Every structure is written in structure tokens, then in C-alpha cells.
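A.B. asks: Below is a structure I'd like to ask you about.
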Amino acid sequence: MPIVIEAKDISKSIDNAYHKVSILNSISININKREFISIMGPSGSGKSTLLNILGGLDSQYEGGLTILGQSMQNLNGKEMVTFRRQHIGMIFQDFNLIESMTVEENLKLPLLFSRIKNYGDEKIGCFLNKVGMYEKRREKCSLLSGGEKQRTAIARALILEPELILADEPTGSLDSKNGHKVMDLLRRINEDSGTTIVVVTHDQNMAEYGEKILLLKDGTFI
Ligand SMILES: Nc1ncnc2c1ncn2[C@@H]1O[C@H](COP(=O)(O)OP(=O)(O)OP(=O)(O)O)[C@@H](O)[C@H]1O
Ligand SMILES: [Mg+2]
């Protein structure tokens with residue numbers, strides 16, 4: 001099974017005014033294609049910090065990180081942005097949608113940033129259908145419910161068909177019913193497309209969608 005994420009001895013610390021504060025402490029992990037992994041841990045244990053490193057949003061760390069065979073250390077900032085756009089979809093607790101735009105317009109943003117011009121409306125419609133947002137495609141995002149916003153954000157993460165999806169508390173702003181709907185959707189994407197998924201969550205019920213649950217405490221897996 002091809003390895004999607006190979007992280008070796010990832011450490012991160014931050015210098016505050018008085019001393020060095022360790023946030024991640026020698027984390028090693030291999031994640032294979034098609035795996036669905038949940039990461040749990042108390043607040044402040046370093047979950048978001050780790051996910052941002054795995055997603056190439058943060059390059060200030062020590063250790064080795066290879067994603068889809070590409071060593072992250074060998075990429076400069078611009079190459080990293082391109083790599084991320086091509087291969088990684090990210091989902092966040094607070095959706096990160098442009099609220100003044102419609103569902104469809106938000107979905108078109110990754111295409112715009114990647115300068116993809118001939119992406120068919122039919123294909124966009126297909127992703128909207130997948131997340132159950134086709135009927136609301138012309139609705140402004142500010143008017144959507146939390147669950148609808150997150151399903152829109154998932155469609156946006158999917159539009160460039162990434163091999164890897166990283167989700168930081170994707171159900172954190174949702175009630176339990178909508179939370180399960182979002183996790184069901186992620187599971188379906190994992191099963192149908194073989195997309196590798198890593199979800200960070202506080203919620204044991206949501207973590208159980210993963211085939212493996214990793215526990216992070218004080219910057220290290222236990
Ligand atoms: N840029 C930063 N400067 C200083 N400290 C930071 C920085 N980023 C994170 N930290 C600290 O690192 C620790 C881990 O933060 P992180 O956001 O990764 O935790 P988390 O597990 O995602 O928590 P939560 O469950 O509350 O989201 C925290 O103690 C936080 O205060
Ligand atoms: Mg966090």
C-alpha cells in the first residue's frame with residue numbers, strides 16, 4: 001500500500017520571551033493510501049499544529065516529512081503552495097468560506113487560484129450533488145446553516161480531487177446530527193475515491209469513524 005504521509009521525528013518549539021516552549025515532541029507516523037485516521041487529544045496538545053505541518057501550512061519545524069513521495073523540505077514556499085493545491089484538501093472548524101459569495105462561487109475559487117479555465121459546470125454540479133448542496137448552489141454562504149457550510153467547504157476541498165484530506169475539528173461547530181452527516185460524507189469519500197483522510201476531533205463519537213484513533217498528549221502520541 002503506497003504511503004501518503006511519512007513523518008519522522010517531527011518536533012516544533014516556540015521561543016517566547018523567557019524560554020523555549022515545546023509544542024510537538026518527536027512525532028513519527030506513516031499513513032497509507034485509503035486510510036482514515038482520527039487524531040484525538042486534549043486542548044493544547046498540538047493537534048492543529050501537527051495538522052498544519054502535515055498540510056504544508058507551517059514549515060517551521062524539525063524532522064522529516066514526505067507527502068506522496070515528495071520531501072517537503074525540498075520545496076520552496078511557492079512550490080509548497082502549488083503542491084498543496086494539487087494534492088491536499090483542507091477542512092476547518094469554522095469552514096473558511098467567503099460568506100459574501102454563493103456556494104458555487106466558493107467552489108470555483110480553487111479553480112481560479114489554480115488557473116484552471118475549462119472545468120465543466122457539470123463536474124462542479126457533480127461535487128455539489130455529492131455533498132447534497134446542488135439545490136442551494138446559488139445561495140449566499142452567509143445564509144446557510146453550519147452543516148450546509150461545512151458540506152460546501154468539503155465540496156470545495158474535493159474539487160481538485162486531492163489524494164489527501166486533512167480536517168481540523170470539522171464537526172466542532174455542528175450539532176450531533178449535522179456532525180454525523182459530515183463524518184458520513186467523509187467516510188463515503190474515503191470509500192468511493194480511496195482518498196486518505198486525517199480528522200482531528202475532540203469527540204469520541206466522531207473519532208470512531210476512523211479505522212485508527214491516535215491520541216496526542218503534550219505534543220506526542222501515546
Ligand atoms: N504560534 C504560536 N505561538 C505560541 N504558542 C503556540 C503557537 N501555536 C500554538 N501554540 C501553543 O501550542 C500548543 C498546541 O496548540 P494547538 O493549537 O496545536 O493545540 P490543539 O490540540 O489544536 O488545541 P485545541 O483542541 O484547543 O484546538 C498550545 O499550548 C498553544 O498555546
Ligand atoms: Mg486545534
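We label chains A, B, ... in the order they appear in the C-alpha cells, count residues from 1 in each chain, and number ligands from 1 in the order shown.
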For the interface of chain A with ligand 1 (cut-off 7 Å, counting only C-alpha atoms and all ligand atoms), please tabulate each contacting residue of chain A alongside its nearest pair of atoms and their separation in Å to one decimal, rows sorted by chain and increasing number, as CSV.

C.D. replies:
```
residue,atom,partner,partner_atom_place_in_ligand_line,distance
A:Ile14,CA,ligand 1,4 (C),5.9
A:Ile23,CA,ligand 1,12 (O),4.9
A:Gly41,CA,ligand 1,21 (O),6.3
A:Pro42,CA,ligand 1,25 (O),5.8
A:Ser43,CA,ligand 1,25 (O),3.4
A:Gly44,CA,ligand 1,19 (O),3.5
A:Ser45,CA,ligand 1,21 (O),4.0
A:Gly46,CA,ligand 1,18 (O),3.2
A:Lys47,CA,ligand 1,21 (O),3.8
A:Ser48,CA,ligand 1,22 (O),3.7
A:Thr49,CA,ligand 1,18 (O),3.7
A:Leu50,CA,ligand 1,18 (O),6.4
A:His202,CA,ligand 1,25 (O),6.7
```

A.B. asks: Neighbouring residues of segment 130-145 of chain A were defined as those with any atom within 6 Å, considering only C-alpha atoms; residues of the same chain fewer than 3 positions away were excluded. Please report them as a compact mmCIF listing (two decimals) with N, CA, C and O atoms, in the first residue's frame.

C.D. replies:
```txt
# COMPACT_ATOMS: atom_id res chain seq x y z
N GLU A 99 -18.09 34.28 2.86
CA GLU A 99 -19.52 34.32 3.20
C GLU A 99 -20.36 35.14 2.22
O GLU A 99 -21.54 34.88 2.04
N MET A 101 -20.03 35.25 -0.89
CA MET A 101 -20.16 34.57 -2.19
C MET A 101 -21.15 33.42 -2.09
O MET A 101 -21.45 32.92 -1.01
N THR A 102 -21.64 32.98 -3.25
CA THR A 102 -22.55 31.84 -3.27
C THR A 102 -21.75 30.54 -3.10
O THR A 102 -20.52 30.53 -3.18
N VAL A 103 -22.51 29.47 -2.88
CA VAL A 103 -21.92 28.14 -2.76
C VAL A 103 -21.06 27.84 -3.99
O VAL A 103 -19.89 27.45 -3.89
N GLU A 104 -21.66 28.05 -5.15
CA GLU A 104 -20.99 27.75 -6.42
C GLU A 104 -19.72 28.60 -6.60
O GLU A 104 -18.68 28.10 -7.02
N PHE A 127 -19.95 17.50 -7.83
CA PHE A 127 -19.44 17.60 -6.46
C PHE A 127 -20.50 18.18 -5.52
O PHE A 127 -20.61 17.78 -4.36
N GLU A 148 -24.63 22.95 6.36
CA GLU A 148 -24.55 23.26 4.92
C GLU A 148 -23.23 23.92 4.57
O GLU A 148 -22.63 23.65 3.53
N LYS A 149 -22.77 24.80 5.47
CA LYS A 149 -21.49 25.46 5.22
C LYS A 149 -20.36 24.44 5.18
O LYS A 149 -19.49 24.49 4.32
N ARG A 151 -20.56 21.25 4.50
CA ARG A 151 -20.65 20.40 3.30
C ARG A 151 -20.16 21.16 2.07
O ARG A 151 -19.54 20.58 1.18
```

A.B. asks: Report the residues of segment 43-182 of chain A whose backbone DSSP state falls under strand (DSSP E or B), written as a PyMOL selection string.

C.D. replies: chain A and resi 62-67+70-71+88-92+102+140+164-168

A.B. asks: Find, counting only C-alpha atoms and all ligand atoms, the residue in A:Ile159, A:Met40, A:Ala7, A:Leu68 that gets nearest to ligand 2.

C.D. replies: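 Ranked by minimum distance to ligand 2, first place goes to A:Met40.
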
A.B. asks: Show which residues sit within 10 Å of Gly210 of chain A, as a compact mmCIF listing (two decimals) with C-alpha atoms, in the first residue's frame. Count only C-alpha atoms, and ignore same-chain residues fewer than 4 positions away.

C.D. replies:
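The resulting around.txt:
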```
# COMPACT_ATOMS: atom_id res chain seq x y z
CA GLU A 35 -6.51 5.10 5.44
CA PHE A 36 -8.99 7.06 7.57
CA ILE A 37 -7.21 8.24 10.71
CA SER A 38 -8.61 10.15 13.66
CA ILE A 39 -6.41 12.19 15.97
CA MET A 183 -18.47 12.37 9.01
CA LEU A 186 -16.02 11.95 4.67
CA ARG A 187 -16.36 8.19 5.05
CA ILE A 197 -8.37 11.20 5.39
CA VAL A 198 -6.98 12.55 8.66
CA VAL A 199 -9.51 14.07 11.05
CA MET A 206 -16.72 11.35 15.59
CA LEU A 214 -4.31 8.23 17.58
```

A.B. asks: Could you pull out the alpha helix (DSSP H) residues of segment 19-54 of chain A from DSSP and send them as a ChimeraX atom specification?

C.D. replies: /A:47-54

A.B. asks: Which of these residues is nearest to Leu65 of chain A, using only C-alpha atoms: A:Glu208, A:Asn96, A:Ile27, A:Glu161?

C.D. replies: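 Once distances to Leu65 of chain A are computed over only C-alpha atoms, the minimum belongs to A:Ile27.
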
A.B. asks: Go through A:Gln60, A:Asn205, A:Asn32, A:Thr220 and flag the residue nearest Glu163 of chain A, using only C-alpha atoms for the distances.

C.D. replies: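 So, comparing all the options, the nearest one is A:Asn32.
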
A.B. asks: Find the residue from A:Leu51, A:Ile31, A:Ile3, A:Met72 that sits nearest to ligand 2; use only C-alpha atoms and all ligand atoms when measuring.

C.D. replies: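 Comparing A:Leu51, A:Ile31, A:Ile3, A:Met72 against ligand 2, the winner is A:Leu51.
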
A.B. asks: How many Å separate atom CA of Gly120 of chain A from atom CA of Thr82 of chain A?

C.D. replies: 21.6 Å

A.B. asks: Which residues are near Ala153 of chain A? Cut-off 9 Å, only C-alpha atoms, ignore same chain within fewer than 3 positions. Put them as a list in words.

C.D. replies: Met90, Ile91, Phe92, Phe95, Asn96, Leu97, Val103, Asn106, Leu107, Glu148, Lys149, Gln150, Arg156, Ala157 and Leu158 of chain A

A.B. asks: Keeping N, CA, C and O atoms for every residue in the selection just given, could you write it to a file as a PDB file, in the first residue's frame?

C.D. replies:
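As written to disk, out16.pdb reads:
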```
ATOM      1  N   MET A  90      -8.029  20.845   2.552  1.00  0.00           N
ATOM      2  CA  MET A  90      -8.118  21.099   3.995  1.00  0.00           C
ATOM      3  C   MET A  90      -9.507  21.581   4.380  1.00  0.00           C
ATOM      4  O   MET A  90     -10.146  22.331   3.661  1.00  0.00           O
ATOM      5  N   ILE A  91      -9.941  21.114   5.551  1.00  0.00           N
ATOM      6  CA  ILE A  91     -11.257  21.488   6.076  1.00  0.00           C
ATOM      7  C   ILE A  91     -11.056  21.961   7.511  1.00  0.00           C
ATOM      8  O   ILE A  91     -10.292  21.351   8.261  1.00  0.00           O
ATOM      9  N   PHE A  92     -11.752  23.045   7.867  1.00  0.00           N
ATOM     10  CA  PHE A  92     -11.543  23.633   9.197  1.00  0.00           C
ATOM     11  C   PHE A  92     -12.860  23.721   9.964  1.00  0.00           C
ATOM     12  O   PHE A  92     -13.942  23.655   9.376  1.00  0.00           O
ATOM     13  N   PHE A  95     -15.085  26.580   8.764  1.00  0.00           N
ATOM     14  CA  PHE A  95     -15.423  26.483   7.341  1.00  0.00           C
ATOM     15  C   PHE A  95     -14.496  27.245   6.391  1.00  0.00           C
ATOM     16  O   PHE A  95     -14.202  26.769   5.308  1.00  0.00           O
ATOM     17  N   ASN A  96     -14.077  28.462   6.792  1.00  0.00           N
ATOM     18  CA  ASN A  96     -13.239  29.290   5.911  1.00  0.00           C
ATOM     19  C   ASN A  96     -13.827  29.517   4.523  1.00  0.00           C
ATOM     20  O   ASN A  96     -13.117  29.486   3.523  1.00  0.00           O
ATOM     21  N   LEU A  97     -15.144  29.715   4.479  1.00  0.00           N
ATOM     22  CA  LEU A  97     -15.775  30.069   3.202  1.00  0.00           C
ATOM     23  C   LEU A  97     -15.776  31.584   3.065  1.00  0.00           C
ATOM     24  O   LEU A  97     -15.663  32.303   4.058  1.00  0.00           O
ATOM     25  N   VAL A 103     -22.507  29.474  -2.878  1.00  0.00           N
ATOM     26  CA  VAL A 103     -21.921  28.136  -2.760  1.00  0.00           C
ATOM     27  C   VAL A 103     -21.064  27.837  -3.994  1.00  0.00           C
ATOM     28  O   VAL A 103     -19.888  27.454  -3.890  1.00  0.00           O
ATOM     29  N   ASN A 106     -17.841  29.846  -4.250  1.00  0.00           N
ATOM     30  CA  ASN A 106     -16.797  29.337  -3.356  1.00  0.00           C
ATOM     31  C   ASN A 106     -16.118  28.107  -3.950  1.00  0.00           C
ATOM     32  O   ASN A 106     -14.916  27.937  -3.824  1.00  0.00           O
ATOM     33  N   LEU A 107     -16.909  27.282  -4.605  1.00  0.00           N
ATOM     34  CA  LEU A 107     -16.340  26.073  -5.216  1.00  0.00           C
ATOM     35  C   LEU A 107     -15.397  26.398  -6.369  1.00  0.00           C
ATOM     36  O   LEU A 107     -14.478  25.637  -6.668  1.00  0.00           O
ATOM     37  N   GLU A 148     -24.625  22.951   6.360  1.00  0.00           N
ATOM     38  CA  GLU A 148     -24.554  23.257   4.916  1.00  0.00           C
ATOM     39  C   GLU A 148     -23.230  23.925   4.570  1.00  0.00           C
ATOM     40  O   GLU A 148     -22.627  23.650   3.531  1.00  0.00           O
ATOM     41  N   LYS A 149     -22.771  24.798   5.468  1.00  0.00           N
ATOM     42  CA  LYS A 149     -21.486  25.464   5.215  1.00  0.00           C
ATOM     43  C   LYS A 149     -20.364  24.436   5.183  1.00  0.00           C
ATOM     44  O   LYS A 149     -19.486  24.488   4.320  1.00  0.00           O
ATOM     45  N   GLN A 150     -20.387  23.499   6.137  1.00  0.00           N
ATOM     46  CA  GLN A 150     -19.300  22.529   6.162  1.00  0.00           C
ATOM     47  C   GLN A 150     -19.354  21.617   4.949  1.00  0.00           C
ATOM     48  O   GLN A 150     -18.311  21.250   4.388  1.00  0.00           O
ATOM     49  N   ARG A 156     -15.615  22.088  -1.743  1.00  0.00           N
ATOM     50  CA  ARG A 156     -14.517  22.945  -2.208  1.00  0.00           C
ATOM     51  C   ARG A 156     -13.170  22.240  -2.040  1.00  0.00           C
ATOM     52  O   ARG A 156     -12.296  22.346  -2.893  1.00  0.00           O
ATOM     53  N   ALA A 157     -13.031  21.494  -0.933  1.00  0.00           N
ATOM     54  CA  ALA A 157     -11.777  20.759  -0.720  1.00  0.00           C
ATOM     55  C   ALA A 157     -11.615  19.637  -1.740  1.00  0.00           C
ATOM     56  O   ALA A 157     -10.506  19.203  -2.030  1.00  0.00           O
ATOM     57  N   LEU A 158     -12.750  19.160  -2.273  1.00  0.00           N
ATOM     58  CA  LEU A 158     -12.706  17.999  -3.181  1.00  0.00           C
ATOM     59  C   LEU A 158     -12.497  18.368  -4.642  1.00  0.00           C
ATOM     60  O   LEU A 158     -12.138  17.519  -5.451  1.00  0.00           O
TER      61      LEU A 158
END
```
